[in-house]
Amino acid sequence: MPRRKPISSRKTQKTEKNYAEPVNKRLTNAERSAYFARREAAKVLRSTLQGDARQRAVGSIKSLVYSPSIRNKKATFALVCETLKHLSVIKDVLDDANILSAKWKEGTLTGDAERYVMLKKDALQSALSQILSRNGAKEVKDLMVLDKISDLQKPRFARVNTLKMDTESVISELRKQYKVKKDDLIPDLLILQPRTDLHNHPLIVNGSVFLQGKGSSMVAVALGPEPGWEVIDACAAPGNKTLHLAALMKGRGKIIACERDEKRVKRLKENVILSGALNVKVKHEDFLNLNPSDPSCAKIRAILLDPSCSGSGTVVDRLDHLLPSYRAGQSDDEIKRLRKLAGFQKRVLEHALSFPAVERIVYSTCSIHQIENEDIINSVLHLASSHGFQLETVFPQWPRRGLPTFDGSEHLLRTDIVEDKEGFFIALFVRKISQHSEDPVGVLGKKVKVASKFRKPSNIFVAKMLKVPFKPRKKI
């Protein structure tokens with residue numbers, strides 16, 4: 001007869017196998033919802049942490065949680081955030097408890113991982129107690145490495161789309177459910193309580209209101225286009241600033257919304273249709289490929305330039321401050337990425353400055369890094385001046401200005417990631433001599449040629465009509 005294994009060995013073997021056995025217990029609705037939320041959170045965490053480790057994020061935490069495939073979004077979001085907040089403590093507990101097998105570490109473990117962990121509950125609790133004791137802590141929260149950003153509560157901002165509905169009507173409607181007040185700086189921008197969820201509200205669904213932060217909403221207002229102007233939004237998708245421009249221009253004039261990415265173009269077009277902005281023309285093209293000398297660009301009077309950036313000013317929204325890479329600081333790869341972004345940002349700004357009829361250019365980023373902000377502006381000042389541009393103060397009443405890295409940085413605007421809950425940067429270039437101001441010929445440079453035709457006294461009245469300086473020839 002074959003020799004039987006000791007009872008203790010058989011118990012251990014049975015215990016180790018139990019985690020792989022299916023659960024036959026009938027779950028309540030609440031238990032089922034929590035069960036799926038934990039699994040959905042695990043999928044989001046896997047994608048987030050793998051992307052963070054490789055410096056190739058597949059999307060922000062919020063975009064992953066709010067994707068259509070996630071059913072219990074609220075619970076999943078809470079689980080993901082709490083797990084990331086406590087990630088360092090979780091790792092320490094797992095290391096001290098030493099419960100992870102080789103298969104687990106290699107990613108080849110099969111079965112229900114949650115049940116496996118629950119079987120090791122006593123070992124995990126013992127490890128946590130030892131860690132608390134070593135660090136002189138009474139509770140888990142005492143082990144947390146807190147920073148200012150983790151505790152920030154950002155208000156919910158919503159911009160009224162005045163192409164569809166007036167601000168007072170929107171406020172009246174929203175106040176049926178929420179506390180709402182107007183922003184004191186940006187027209188048609190509303191402020192609601194932090195964590196107010198408006199994603200499925202009818203006013204959002206029908207395009208009467210767009211969820212847009214204050215920093216983002218300041219950009220179009222800073223550009224200040226007038227109704228009837230022709231404007232370019234150089235890097236338009238997803239279109240919040242484009243649609244804000246359309247509203248400020250009261251749906252009149254023309255906005256060319258450039259976007260080079262095909263998928264983002266689709267989303268841009270959907271948002272334009274939703275907003276009812278009939279004066280927006282979506283152009284699937286790289287802004288750098290537009291020829292400033294082309295006749296189609298002859299009447300462009302303003303350019304909004306919000307190029308790709310690091311997004312470091314949106315960590316509160318994106319929750320990047322919860323990721324291991326954020327707490328570790330800038331890596332060599334991140335520094336290389338910033339330099340590459342800065343090179344692109346400088347090229348597109350230089351290109352914008354070359355449009356002959358443009359009067360106003362706004363350059364903005366959602367970055368806190370000097371290399372993407374003040375350094376870019378400083379690097380193009382000479383070129384801007386050669387085209388007749390100078391910096392103009394953006395929102396003079398705003399207290400936070402550019403870093404004092406060069407003369408004139410006080411014209412620049414910054415929002416603070418702690419004070420304002422986001423880090424935006426805005427610079428405004430204004431051409432000192434407008435080519436559209438009382439120019440009957442169409443181009444100022446042609447006046448000199450026209451003046452030479454009015455040498456005869458009989459044509460003096462024509463010269464006066466065209467406001468061309470007239471100097472009669474001296475008789476010899």
# chains A, B, ... in the order shown; residues from 1 in each chain; ligands from 1
call {"tool": "residues_around", "arguments": {"residues": "Thr242 of chain A", "least_positions_apart": "5", "cutoff": "12 Å", "atoms": "only C-alpha atoms", "output": "PDB file with N, CA and C atoms, in the first residue's frame"}}
result
ATOM      1  N   ASN A 161     -22.137  76.817 -21.788  1.00  0.00           N
ATOM      2  CA  ASN A 161     -22.035  76.988 -23.236  1.00  0.00           C
ATOM      3  C   ASN A 161     -23.121  77.976 -23.660  1.00  0.00           C
ATOM      4  N   PHE A 210     -20.146  72.421 -20.116  1.00  0.00           N
ATOM      5  CA  PHE A 210     -18.947  71.599 -20.285  1.00  0.00           C
ATOM      6  C   PHE A 210     -18.130  71.638 -19.001  1.00  0.00           C
ATOM      7  N   GLN A 212     -14.977  72.052 -17.293  1.00  0.00           N
ATOM      8  CA  GLN A 212     -13.706  72.676 -17.668  1.00  0.00           C
ATOM      9  C   GLN A 212     -13.155  73.434 -16.473  1.00  0.00           C
ATOM     10  N   SER A 216      -7.883  76.253 -17.462  1.00  0.00           N
ATOM     11  CA  SER A 216      -8.189  76.015 -18.873  1.00  0.00           C
ATOM     12  C   SER A 216      -9.128  77.083 -19.418  1.00  0.00           C
ATOM     13  N   SER A 217     -10.081  77.530 -18.600  1.00  0.00           N
ATOM     14  CA  SER A 217     -11.056  78.526 -19.035  1.00  0.00           C
ATOM     15  C   SER A 217     -10.449  79.925 -19.160  1.00  0.00           C
ATOM     16  N   VAL A 219      -7.697  80.623 -20.663  1.00  0.00           N
ATOM     17  CA  VAL A 219      -6.877  80.731 -21.873  1.00  0.00           C
ATOM     18  C   VAL A 219      -7.608  81.470 -22.996  1.00  0.00           C
ATOM     19  N   ALA A 220      -8.830  81.034 -23.318  1.00  0.00           N
ATOM     20  CA  ALA A 220      -9.587  81.662 -24.405  1.00  0.00           C
ATOM     21  C   ALA A 220      -9.929  83.109 -24.073  1.00  0.00           C
ATOM     22  N   VAL A 221     -10.244  83.370 -22.803  1.00  0.00           N
ATOM     23  CA  VAL A 221     -10.554  84.740 -22.380  1.00  0.00           C
ATOM     24  C   VAL A 221      -9.320  85.628 -22.530  1.00  0.00           C
ATOM     25  N   LEU A 223      -6.966  85.291 -24.747  1.00  0.00           N
ATOM     26  CA  LEU A 223      -6.779  85.582 -26.173  1.00  0.00           C
ATOM     27  C   LEU A 223      -7.706  86.706 -26.620  1.00  0.00           C
ATOM     28  N   PRO A 225     -10.643  86.996 -28.569  1.00  0.00           N
ATOM     29  CA  PRO A 225     -11.067  87.204 -29.953  1.00  0.00           C
ATOM     30  C   PRO A 225     -12.414  87.927 -30.011  1.00  0.00           C
ATOM     31  N   VAL A 231      -9.797  82.760 -36.443  1.00  0.00           N
ATOM     32  CA  VAL A 231      -8.897  82.328 -35.372  1.00  0.00           C
ATOM     33  C   VAL A 231      -8.450  80.895 -35.629  1.00  0.00           C
ATOM     34  N   ILE A 232      -7.235  80.571 -35.196  1.00  0.00           N
ATOM     35  CA  ILE A 232      -6.736  79.193 -35.243  1.00  0.00           C
ATOM     36  C   ILE A 232      -6.550  78.682 -33.824  1.00  0.00           C
ATOM     37  N   ASP A 233      -7.100  77.495 -33.554  1.00  0.00           N
ATOM     38  CA  ASP A 233      -6.730  76.748 -32.353  1.00  0.00           C
ATOM     39  C   ASP A 233      -5.754  75.682 -32.828  1.00  0.00           C
ATOM     40  N   ALA A 234      -4.482  75.871 -32.514  1.00  0.00           N
ATOM     41  CA  ALA A 234      -3.411  75.101 -33.155  1.00  0.00           C
ATOM     42  C   ALA A 234      -3.362  73.631 -32.745  1.00  0.00           C
ATOM     43  N   CYS A 235      -3.689  73.334 -31.500  1.00  0.00           N
ATOM     44  CA  CYS A 235      -3.653  71.951 -30.995  1.00  0.00           C
ATOM     45  C   CYS A 235      -4.971  71.735 -30.256  1.00  0.00           C
ATOM     46  N   ALA A 236      -6.045  71.503 -31.005  1.00  0.00           N
ATOM     47  CA  ALA A 236      -7.396  71.744 -30.503  1.00  0.00           C
ATOM     48  C   ALA A 236      -8.003  70.657 -29.625  1.00  0.00           C
ATOM     49  N   ALA A 237      -7.796  69.373 -29.951  1.00  0.00           N
ATOM     50  CA  ALA A 237      -8.512  68.310 -29.238  1.00  0.00           C
ATOM     51  C   ALA A 237      -8.167  68.313 -27.749  1.00  0.00           C
ATOM     52  N   ALA A 247     -17.922  80.334 -28.182  1.00  0.00           N
ATOM     53  CA  ALA A 247     -18.912  81.022 -27.349  1.00  0.00           C
ATOM     54  C   ALA A 247     -18.555  82.494 -27.176  1.00  0.00           C
ATOM     55  N   LEU A 248     -17.277  82.793 -26.939  1.00  0.00           N
ATOM     56  CA  LEU A 248     -16.840  84.186 -26.789  1.00  0.00           C
ATOM     57  C   LEU A 248     -17.068  84.982 -28.072  1.00  0.00           C
ATOM     58  N   MET A 249     -16.969  84.307 -29.215  1.00  0.00           N
ATOM     59  CA  MET A 249     -17.175  84.953 -30.519  1.00  0.00           C
ATOM     60  C   MET A 249     -18.639  84.909 -30.945  1.00  0.00           C
ATOM     61  N   GLY A 251     -20.503  82.620 -31.850  1.00  0.00           N
ATOM     62  CA  GLY A 251     -20.789  81.773 -33.003  1.00  0.00           C
ATOM     63  C   GLY A 251     -20.518  82.432 -34.339  1.00  0.00           C
ATOM     64  N   LYS A 254     -14.818  82.667 -37.751  1.00  0.00           N
ATOM     65  CA  LYS A 254     -14.367  81.338 -38.148  1.00  0.00           C
ATOM     66  C   LYS A 254     -13.238  80.879 -37.239  1.00  0.00           C
ATOM     67  N   ILE A 255     -13.329  79.633 -36.774  1.00  0.00           N
ATOM     68  CA  ILE A 255     -12.279  79.028 -35.960  1.00  0.00           C
ATOM     69  C   ILE A 255     -11.790  77.779 -36.682  1.00  0.00           C
ATOM     70  N   ILE A 256     -10.509  77.770 -37.002  1.00  0.00           N
ATOM     71  CA  ILE A 256      -9.894  76.582 -37.603  1.00  0.00           C
ATOM     72  C   ILE A 256      -9.266  75.774 -36.479  1.00  0.00           C
ATOM     73  N   ALA A 257      -9.828  74.607 -36.221  1.00  0.00           N
ATOM     74  CA  ALA A 257      -9.362  73.761 -35.121  1.00  0.00           C
ATOM     75  C   ALA A 257      -8.470  72.656 -35.674  1.00  0.00           C
ATOM     76  N   CYS A 258      -7.163  72.804 -35.471  1.00  0.00           N
ATOM     77  CA  CYS A 258      -6.201  71.845 -36.005  1.00  0.00           C
ATOM     78  C   CYS A 258      -5.937  70.717 -35.007  1.00  0.00           C
ATOM     79  N   GLU A 259      -5.873  69.501 -35.525  1.00  0.00           N
ATOM     80  CA  GLU A 259      -5.514  68.349 -34.701  1.00  0.00           C
ATOM     81  C   GLU A 259      -4.907  67.289 -35.610  1.00  0.00           C
ATOM     82  N   LEU A 268     -12.934  65.473 -31.109  1.00  0.00           N
ATOM     83  CA  LEU A 268     -13.087  66.908 -31.313  1.00  0.00           C
ATOM     84  C   LEU A 268     -14.351  67.204 -32.112  1.00  0.00           C
ATOM     85  N   LYS A 269     -14.558  66.465 -33.178  1.00  0.00           N
ATOM     86  CA  LYS A 269     -15.750  66.665 -34.017  1.00  0.00           C
ATOM     87  C   LYS A 269     -17.030  66.389 -33.230  1.00  0.00           C
ATOM     88  N   ASN A 271     -17.493  66.751 -30.020  1.00  0.00           N
ATOM     89  CA  ASN A 271     -17.714  67.852 -29.081  1.00  0.00           C
ATOM     90  C   ASN A 271     -18.202  69.113 -29.791  1.00  0.00           C
ATOM     91  N   VAL A 272     -17.688  69.357 -30.990  1.00  0.00           N
ATOM     92  CA  VAL A 272     -18.132  70.523 -31.769  1.00  0.00           C
ATOM     93  C   VAL A 272     -19.616  70.388 -32.111  1.00  0.00           C
ATOM     94  N   SER A 275     -21.763  70.939 -29.035  1.00  0.00           N
ATOM     95  CA  SER A 275     -21.815  72.328 -28.574  1.00  0.00           C
ATOM     96  C   SER A 275     -22.689  73.218 -29.443  1.00  0.00           C
ATOM     97  N   ALA A 277     -21.509  74.693 -32.126  1.00  0.00           N
ATOM     98  CA  ALA A 277     -20.609  75.749 -32.623  1.00  0.00           C
ATOM     99  C   ALA A 277     -20.472  75.625 -34.136  1.00  0.00           C
ATOM    100  N   LEU A 278     -21.260  76.389 -34.869  1.00  0.00           N
ATOM    101  CA  LEU A 278     -21.272  76.295 -36.331  1.00  0.00           C
ATOM    102  C   LEU A 278     -20.097  77.013 -36.981  1.00  0.00           C
ATOM    103  N   ASN A 279     -19.379  77.825 -36.233  1.00  0.00           N
ATOM    104  CA  ASN A 279     -18.255  78.578 -36.805  1.00  0.00           C
ATOM    105  C   ASN A 279     -16.917  77.867 -36.630  1.00  0.00           C
ATOM    106  N   VAL A 280     -16.945  76.596 -36.198  1.00  0.00           N
ATOM    107  CA  VAL A 280     -15.710  75.823 -36.021  1.00  0.00           C
ATOM    108  C   VAL A 280     -15.526  74.871 -37.194  1.00  0.00           C
ATOM    109  N   LYS A 281     -14.355  74.950 -37.812  1.00  0.00           N
ATOM    110  CA  LYS A 281     -13.989  74.019 -38.879  1.00  0.00           C
ATOM    111  C   LYS A 281     -12.846  73.143 -38.383  1.00  0.00           C
ATOM    112  N   VAL A 282     -13.109  71.858 -38.230  1.00  0.00           N
ATOM    113  CA  VAL A 282     -12.084  70.925 -37.751  1.00  0.00           C
ATOM    114  C   VAL A 282     -11.178  70.537 -38.913  1.00  0.00           C
ATOM    115  N   ILE A 303      -4.303  83.393 -32.636  1.00  0.00           N
ATOM    116  CA  ILE A 303      -3.948  81.971 -32.552  1.00  0.00           C
ATOM    117  C   ILE A 303      -3.909  81.560 -31.084  1.00  0.00           C
ATOM    118  N   LEU A 304      -4.623  80.497 -30.778  1.00  0.00           N
ATOM    119  CA  LEU A 304      -4.559  79.889 -29.448  1.00  0.00           C
ATOM    120  C   LEU A 304      -3.653  78.672 -29.555  1.00  0.00           C
ATOM    121  N   LEU A 305      -2.580  78.696 -28.780  1.00  0.00           N
ATOM    122  CA  LEU A 305      -1.571  77.640 -28.854  1.00  0.00           C
ATOM    123  C   LEU A 305      -1.439  76.972 -27.488  1.00  0.00           C
ATOM    124  N   ASP A 306      -2.005  75.777 -27.371  1.00  0.00           N
ATOM    125  CA  ASP A 306      -1.933  74.990 -26.150  1.00  0.00           C
ATOM    126  C   ASP A 306      -1.329  73.635 -26.522  1.00  0.00           C
TER     127      ASP A 306
END
call {"tool": "atom_distance", "arguments": {"atom1": "atom CA of Gln153 of chain A", "atom2": "atom CA of Met218 of chain A"}}
result
20.3 Å
call {"tool": "atom_distance", "arguments": {"atom1": "atom CA of Phe424 of chain A", "atom2": "atom CA of Met165 of chain A"}}
result
27.8 Å
call {"tool": "closest_residue", "arguments": {"among": "A:Ser386, A:Thr314, A:Ser129, A:Ser33", "to": "Thr415 of chain A", "atoms": "only C-alpha atoms"}}
result
A:Thr314
call {"tool": "atom_distance", "arguments": {"atom1": "atom CA of Thr162 of chain A", "atom2": "atom CA of His244 of chain A"}}
result
9.1 Å
call {"tool": "residues_around", "arguments": {"residues": "Asp261 of chain A", "least_positions_apart": "3", "cutoff": "9 Å", "atoms": "only C-alpha atoms", "output": "ChimeraX atom specification"}}
result
/A:237,264-266,284-286
call {"tool": "residues_around", "arguments": {"residues": "Ala357 of chain A", "least_positions_apart": "2", "cutoff": "7 Å", "atoms": "only C-alpha atoms", "output": "list in words"}}
result
Ala298, Lys299, Ile300, Arg301, Phe355, Glu359 and Gln435 of chain A
call {"tool": "closest_residue", "arguments": {"among": "A:Val348, A:Ile433, A:Leu383, A:Ala78", "to": "Ala41 of chain A", "atoms": "only C-alpha atoms"}}
result
A:Ala78
